[in-house]
Amino acid sequence: MRVPAQYTITQPLRDQMVKTLALEGVKNKSVLDVMGALPREIFLDLGFRSDAYKNSALPIGESQTISQPLVVAIMTEALQLEKSHKVLEIGTGSGYQAAILSRLVRRLFSIERHPSLSQVAVKRFESLGIFNVVTKVGDGTLGWAEQAPFDRIMVTAASPKAPRSLLEQLTVGGILVIPVGDPAGDMQMLMRYTRTETGFEEKSLGPVRFVPLIGAQGVPEAR
Ligand code: SAM
């Protein structure tokens with residue numbers, strides 16, 4: 001990853017953010033190191049850049065949001081990533097979460113339903129010298145059958161339940177992390193599903209709040 005020199009000016013803000021994440025219970029050093037190195041402001045429109053190191057979700061266009069840093073850290077840590085992993089992300093959005101994942105795994109596939117968001121995210125990956133991310137525009141609830149199976153899948157939007165296609169596209173031992181619950185409600189539950197030889201183990205990781213996962217196996221698109 002090539003971070004342009006001008007961003008060294010915000011390094012103290014990233015250092016402070018990482019300290020806060022560690023105090024909040026994030027332990028994985030690789031996750032903290034990557035988040036400490038990657039300028040979050042690169043993934044925001046100019047008007048929101050001064051808020052980049054607040055622990056809050058921020059608008060990215062198309063009525064969507066970049067997730068708050070603590071949620072990004074918790075979800076990334078929950079995937080228990082290894083450098084050899086092939087990973088699928090649903091909801092490219094600004095590209096921030098994808099850029100973090102790309103530094104921790106072999107290859108990342110990322111799907112976004114809004115073409116405009118996907119295009120801007122791809123430009124950001126190029127400008128940062130990130131070349132192990134493959135993107136497409138489409139309905140991520142269906143997964144990416146041609147590239148399956150995946151060692152890990154992260155969904156960054158909320159669904160009433162884990163989409164069957166995503167569960168089926170996991171390797172045995174693979175992990176899916178996804179916010180599950182009523183996307184119109186105030187909160188959903190962050191869930192982790194681990195594929196076993198015979199089925200799936202599930203674990204609740206705590207309450208979160210996400211925009212809806214819109215698609216065939218998520219929330220139906222409003223007409
Ligand atoms: N990971 C993003 C980031 O780092 O900026 C956060 C994304 S935002 C919380 C959720 C994203 O999921 C939005 O960009 C939204 O358009 C996208 N999304 C919702 N439903 C989708 C679907 N079925 N397939 C692909 N993307 C979807």
# chains A, B, ... in the order shown; residues from 1 in each chain; ligands from 1
$ residues_near_ligand --ligand "ligand 1" --cutoff "8 Å" --atoms "only C-alpha atoms and all ligand atoms" --output "PyMOL selection string"
chain A and resi 43+60+62+64-67+72+89-98+111-114+117+137-142+155-157+210-218
$ select_by_dssp --residues "stretch 96-188 of chain A" --states "alpha helix (DSSP H)" --output "ChimeraX atom specification"
/A:96-104,115-127,164-168
$ closest_residue --among "A:Leu176, A:Leu70, A:Leu128, A:Leu46" --to "A:Ala99" --atoms "only C-alpha atoms"
A:Leu128
$ closest_residue --among "A:Pro69, A:Gly143, A:Pro207, A:Gly199" --to "A:Ile100" --atoms "only C-alpha atoms"
A:Pro69
$ residues_around --residues "stretch 2-4 of chain A" --least-positions-apart "3" --cutoff "9 Å" --atoms "only C-alpha atoms" --output "list in words"
Tyr7, Thr8, Ala37, Leu38, Pro39, Ser127, Leu128, Gly129 and Ile130 of chain A
$ write_last_selection --atoms "all heavy atoms" --output "PDB file, in the first residue's frame"
ATOM      1  N   TYR A   7      -0.437  12.597   4.066  1.00  0.00           N
ATOM      2  CA  TYR A   7      -1.292  12.074   5.149  1.00  0.00           C
ATOM      3  C   TYR A   7      -0.530  11.824   6.450  1.00  0.00           C
ATOM      4  O   TYR A   7      -1.150  11.449   7.449  1.00  0.00           O
ATOM      5  CB  TYR A   7      -2.008  10.802   4.694  1.00  0.00           C
ATOM      6  CG  TYR A   7      -3.009  11.084   3.599  1.00  0.00           C
ATOM      7  CD1 TYR A   7      -2.706  10.805   2.280  1.00  0.00           C
ATOM      8  CD2 TYR A   7      -4.228  11.690   3.885  1.00  0.00           C
ATOM      9  CE1 TYR A   7      -3.598  11.093   1.266  1.00  0.00           C
ATOM     10  CE2 TYR A   7      -5.124  12.000   2.880  1.00  0.00           C
ATOM     11  CZ  TYR A   7      -4.805  11.689   1.573  1.00  0.00           C
ATOM     12  OH  TYR A   7      -5.698  11.994   0.571  1.00  0.00           O
ATOM     13  N   THR A   8       0.797  12.043   6.455  1.00  0.00           N
ATOM     14  CA  THR A   8       1.520  11.886   7.731  1.00  0.00           C
ATOM     15  C   THR A   8       1.012  12.908   8.750  1.00  0.00           C
ATOM     16  O   THR A   8       1.091  12.689   9.950  1.00  0.00           O
ATOM     17  CB  THR A   8       3.046  12.070   7.556  1.00  0.00           C
ATOM     18  OG1 THR A   8       3.251  13.264   6.812  1.00  0.00           O
ATOM     19  CG2 THR A   8       3.684  10.898   6.860  1.00  0.00           C
ATOM     20  N   ALA A  37      -2.436   2.687  10.014  1.00  0.00           N
ATOM     21  CA  ALA A  37      -1.650   3.136   8.853  1.00  0.00           C
ATOM     22  C   ALA A  37      -2.521   3.727   7.740  1.00  0.00           C
ATOM     23  O   ALA A  37      -2.036   4.506   6.923  1.00  0.00           O
ATOM     24  CB  ALA A  37      -0.851   1.954   8.296  1.00  0.00           C
ATOM     25  N   LEU A  38      -3.802   3.350   7.697  1.00  0.00           N
ATOM     26  CA  LEU A  38      -4.657   3.722   6.559  1.00  0.00           C
ATOM     27  C   LEU A  38      -5.456   5.001   6.859  1.00  0.00           C
ATOM     28  O   LEU A  38      -6.331   4.992   7.739  1.00  0.00           O
ATOM     29  CB  LEU A  38      -5.634   2.580   6.258  1.00  0.00           C
ATOM     30  CG  LEU A  38      -6.559   2.794   5.065  1.00  0.00           C
ATOM     31  CD1 LEU A  38      -5.779   2.863   3.752  1.00  0.00           C
ATOM     32  CD2 LEU A  38      -7.599   1.672   5.001  1.00  0.00           C
ATOM     33  N   PRO A  39      -5.201   6.091   6.152  1.00  0.00           N
ATOM     34  CA  PRO A  39      -5.953   7.331   6.404  1.00  0.00           C
ATOM     35  C   PRO A  39      -7.435   7.178   6.050  1.00  0.00           C
ATOM     36  O   PRO A  39      -7.777   6.963   4.883  1.00  0.00           O
ATOM     37  CB  PRO A  39      -5.269   8.362   5.493  1.00  0.00           C
ATOM     38  CG  PRO A  39      -3.920   7.781   5.184  1.00  0.00           C
ATOM     39  CD  PRO A  39      -4.146   6.289   5.137  1.00  0.00           C
ATOM     40  N   SER A 127      -5.188   4.380  -6.394  1.00  0.00           N
ATOM     41  CA  SER A 127      -4.302   5.463  -5.923  1.00  0.00           C
ATOM     42  C   SER A 127      -3.471   5.023  -4.717  1.00  0.00           C
ATOM     43  O   SER A 127      -2.405   5.558  -4.469  1.00  0.00           O
ATOM     44  CB  SER A 127      -5.115   6.716  -5.584  1.00  0.00           C
ATOM     45  OG  SER A 127      -5.801   6.504  -4.375  1.00  0.00           O
ATOM     46  N   LEU A 128      -3.963   4.019  -4.000  1.00  0.00           N
ATOM     47  CA  LEU A 128      -3.212   3.518  -2.829  1.00  0.00           C
ATOM     48  C   LEU A 128      -2.295   2.344  -3.194  1.00  0.00           C
ATOM     49  O   LEU A 128      -1.624   1.794  -2.312  1.00  0.00           O
ATOM     50  CB  LEU A 128      -4.199   3.065  -1.737  1.00  0.00           C
ATOM     51  CG  LEU A 128      -4.897   4.196  -0.967  1.00  0.00           C
ATOM     52  CD1 LEU A 128      -6.121   3.671  -0.227  1.00  0.00           C
ATOM     53  CD2 LEU A 128      -3.934   4.857   0.004  1.00  0.00           C
ATOM     54  N   GLY A 129      -2.296   1.958  -4.475  1.00  0.00           N
ATOM     55  CA  GLY A 129      -1.455   0.825  -4.874  1.00  0.00           C
ATOM     56  C   GLY A 129      -1.979  -0.494  -4.320  1.00  0.00           C
ATOM     57  O   GLY A 129      -1.199  -1.398  -4.022  1.00  0.00           O
ATOM     58  N   ILE A 130      -3.290  -0.610  -4.190  1.00  0.00           N
ATOM     59  CA  ILE A 130      -3.909  -1.868  -3.715  1.00  0.00           C
ATOM     60  C   ILE A 130      -4.364  -2.654  -4.952  1.00  0.00           C
ATOM     61  O   ILE A 130      -5.258  -2.211  -5.673  1.00  0.00           O
ATOM     62  CB  ILE A 130      -5.097  -1.565  -2.782  1.00  0.00           C
ATOM     63  CG1 ILE A 130      -4.582  -0.923  -1.490  1.00  0.00           C
ATOM     64  CG2 ILE A 130      -5.914  -2.820  -2.489  1.00  0.00           C
ATOM     65  CD1 ILE A 130      -5.674  -0.434  -0.562  1.00  0.00           C
TER      66      ILE A 130
END
$ residues_around --residues "A:Phe200" --least-positions-apart "5" --cutoff "12 Å" --atoms "only C-alpha atoms" --output "ChimeraX atom specification"
/A:162,164,167-168,170-176,191-195
$ write_last_selection --atoms "N, CA and C atoms" --output "mmCIF file, in the first residue's frame"
data_model
loop_
_atom_site.group_PDB
_atom_site.id
_atom_site.type_symbol
_atom_site.label_atom_id
_atom_site.label_comp_id
_atom_site.auth_asym_id
_atom_site.auth_seq_id
_atom_site.Cartn_x
_atom_site.Cartn_y
_atom_site.Cartn_z
ATOM 1 N N ALA A 162 -29.173 -14.458 7.555
ATOM 2 C CA ALA A 162 -27.979 -14.664 6.732
ATOM 3 C C ALA A 162 -28.401 -15.271 5.394
ATOM 4 N N ARG A 164 -28.762 -17.478 2.294
ATOM 5 C CA ARG A 164 -28.403 -18.889 2.069
ATOM 6 C C ARG A 164 -27.217 -19.012 1.100
ATOM 7 N N LEU A 167 -23.893 -18.425 2.891
ATOM 8 C CA LEU A 167 -23.513 -19.565 3.747
ATOM 9 C C LEU A 167 -22.977 -20.709 2.889
ATOM 10 N N GLU A 168 -23.634 -20.941 1.752
ATOM 11 C CA GLU A 168 -23.233 -22.059 0.876
ATOM 12 C C GLU A 168 -21.888 -21.813 0.193
ATOM 13 N N LEU A 170 -19.225 -20.625 1.594
ATOM 14 C CA LEU A 170 -18.108 -20.709 2.556
ATOM 15 C C LEU A 170 -17.415 -22.060 2.443
ATOM 16 N N THR A 171 -16.098 -22.085 2.642
ATOM 17 C CA THR A 171 -15.376 -23.353 2.805
ATOM 18 C C THR A 171 -15.790 -23.975 4.147
ATOM 19 N N VAL A 172 -15.524 -25.275 4.318
ATOM 20 C CA VAL A 172 -15.694 -25.867 5.653
ATOM 21 C C VAL A 172 -14.631 -25.236 6.553
ATOM 22 N N GLY A 173 -15.056 -24.726 7.708
ATOM 23 C CA GLY A 173 -14.147 -23.963 8.574
ATOM 24 C C GLY A 173 -14.224 -22.470 8.279
ATOM 25 N N GLY A 174 -14.948 -22.108 7.212
ATOM 26 C CA GLY A 174 -15.068 -20.704 6.819
ATOM 27 C C GLY A 174 -16.007 -19.928 7.749
ATOM 28 N N ILE A 175 -15.837 -18.610 7.753
ATOM 29 C CA ILE A 175 -16.599 -17.749 8.676
ATOM 30 C C ILE A 175 -17.319 -16.654 7.894
ATOM 31 N N LEU A 176 -18.597 -16.448 8.249
ATOM 32 C CA LEU A 176 -19.392 -15.324 7.732
ATOM 33 C C LEU A 176 -19.714 -14.394 8.893
ATOM 34 N N MET A 191 -23.610 -11.097 13.851
ATOM 35 C CA MET A 191 -23.561 -12.562 13.995
ATOM 36 C C MET A 191 -22.332 -13.128 13.293
ATOM 37 N N ARG A 192 -21.792 -14.193 13.877
ATOM 38 C CA ARG A 192 -20.706 -14.924 13.218
ATOM 39 C C ARG A 192 -21.157 -16.363 12.991
ATOM 40 N N TYR A 193 -21.122 -16.814 11.742
ATOM 41 C CA TYR A 193 -21.474 -18.192 11.382
ATOM 42 C C TYR A 193 -20.200 -18.906 10.936
ATOM 43 N N THR A 194 -19.924 -20.056 11.545
ATOM 44 C CA THR A 194 -18.749 -20.844 11.158
ATOM 45 C C THR A 194 -19.245 -22.144 10.545
ATOM 46 N N ARG A 195 -18.802 -22.432 9.319
ATOM 47 C CA ARG A 195 -19.251 -23.652 8.648
ATOM 48 C C ARG A 195 -18.491 -24.852 9.204
#
$ residues_around --residues "stretch 17-24 of chain A" --least-positions-apart "5" --cutoff "10 Å" --atoms "only C-alpha atoms" --output "VMD selection string"
chain A and resid 11 to 12 29 31 to 37 53 to 55 69 to 71 73 to 74
$ atom_distance --atom1 "atom CA of A:Ala121" --atom2 "atom CA of A:Val133"
10.5 Å
$ select_by_dssp --residues "stretch 83-196 of chain A" --states "strand (DSSP E or B)" --output "PyMOL selection string"
chain A and resi 86-90+107-112+133-137+150-155+158-159+170-180+188-195
$ closest_residue --among "A:Gln68, A:Thr76, A:Ser63, A:Thr10" --to "A:Lys27" --atoms "only C-alpha atoms"
A:Thr76
$ atom_distance --atom1 "atom CA of A:Asn28" --atom2 "atom CA of A:Val177"
16.4 Å
$ atom_distance --atom1 "atom CA of A:Ala78" --atom2 "atom CA of A:Leu205"
8.4 Å
